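Below: one structure, written as structure tokens.
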Amino acid sequence: MKQLTGNVSPSLTVIKDDHGRLLTEKDDVLQRWKNYCEHLYEDEDESTKPALALSEQEPPPLKSEIAWAVKHTSTGKAPGSDVTVELLKGSGDTAVELIQKIRNEV
């Protein structure tokens with residue numbers, strides 16, 4: 001449609017390199033994006049990273065966190081074989097306590 005109406009605008013791909021110069025050539029722009037993405041995933045100095053113990057587990061969620069999650073979950077979704085959100089919201093504190101109990105046993 002744009003070709004028929006004459007509203008064709010060429011796409012312009014411009015990006016700055018490490019030194020602030022504009023790169024306009026397609027190959028240069030692609031290479032810059034490749035370098036940028038590789039830099040994002042480079043390992044930092046191992047001495048600055050905190051040591052994580054594999055045996056550490058996060059604490060179980062609080063009742064207030066579970067209640068907040070139940071309250072803010074969207075309703076009207078098609079239920080599967082699981083319990084519907086409307087049922088959880090309607091049962092109030094009983095559902096929150098049951099969810100916390102199940103979560104702690106798992």
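In the structure tokens, the first chain shown is A, the next is B, and so on; residue numbers restart at 1 for each chain, and ligands run from 1 in the order shown.
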Compile the contact shell of segment 90-97 of chain A as a PyMOL selection string: residues with an atom at most 7 Å away, counting only C-alpha atoms, same-chain residues fewer than 2 positions apart removed. chain A and resi 63+66-67+86-88+99-101
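For Glu25 of chain A, the non-local neighbours within 9 Å, defined as residues at least 3 positions apart in the same chain or in other chains and counting only C-alpha atoms, are Thr13, Val14, Asp28, Val29 and Leu30 of chain A.
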Next, dump the selected residues to file, keeping only C-alpha atoms, as a PDB file, in the first residue's frame.
ATOM      1  CA  THR A  13      20.016   1.873  10.522  1.00  0.00           C
ATOM      2  CA  VAL A  14      22.547   3.889  12.463  1.00  0.00           C
ATOM      3  CA  ASP A  28      29.313  -2.572  10.597  1.00  0.00           C
ATOM      4  CA  VAL A  29      26.014  -2.168  12.463  1.00  0.00           C
ATOM      5  CA  LEU A  30      25.526  -5.940  12.740  1.00  0.00           C
TER       6      LEU A  30
END
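Here atom CA of Gln31 of chain A stands at a distance of 9.9 Å from atom CA of Asp17 of chain A.
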Atom CA of Tyr41 of chain A to atom CA of Leu22 of chain A: how many Å, to one decimal?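 Spanning atom CA of Tyr41 of chain A to atom CA of Leu22 of chain A is a straight-line distance of 23.8 Å.
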So which residues touch Ile15 of chain A within 9 Å, counting only C-alpha atoms, skipping near sequence neighbours fewer than 6 positions away, as a list in words? Arg21, Leu22, Leu23, Thr24, Val29, Arg32 and Trp33 of chain A
Nearest to Asp18 of chain A by atom-to-atom distance, counting only C-alpha atoms, from A:Asp43, A:Tyr36, A:Gly6, A:Leu62: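 Closest to Asp18 of chain A, using only C-alpha atoms: A:Tyr36.
From atom CA of Asn104 of chain A back to atom CA of Pro59 of chain A, the distance works out to 9.6 Å.
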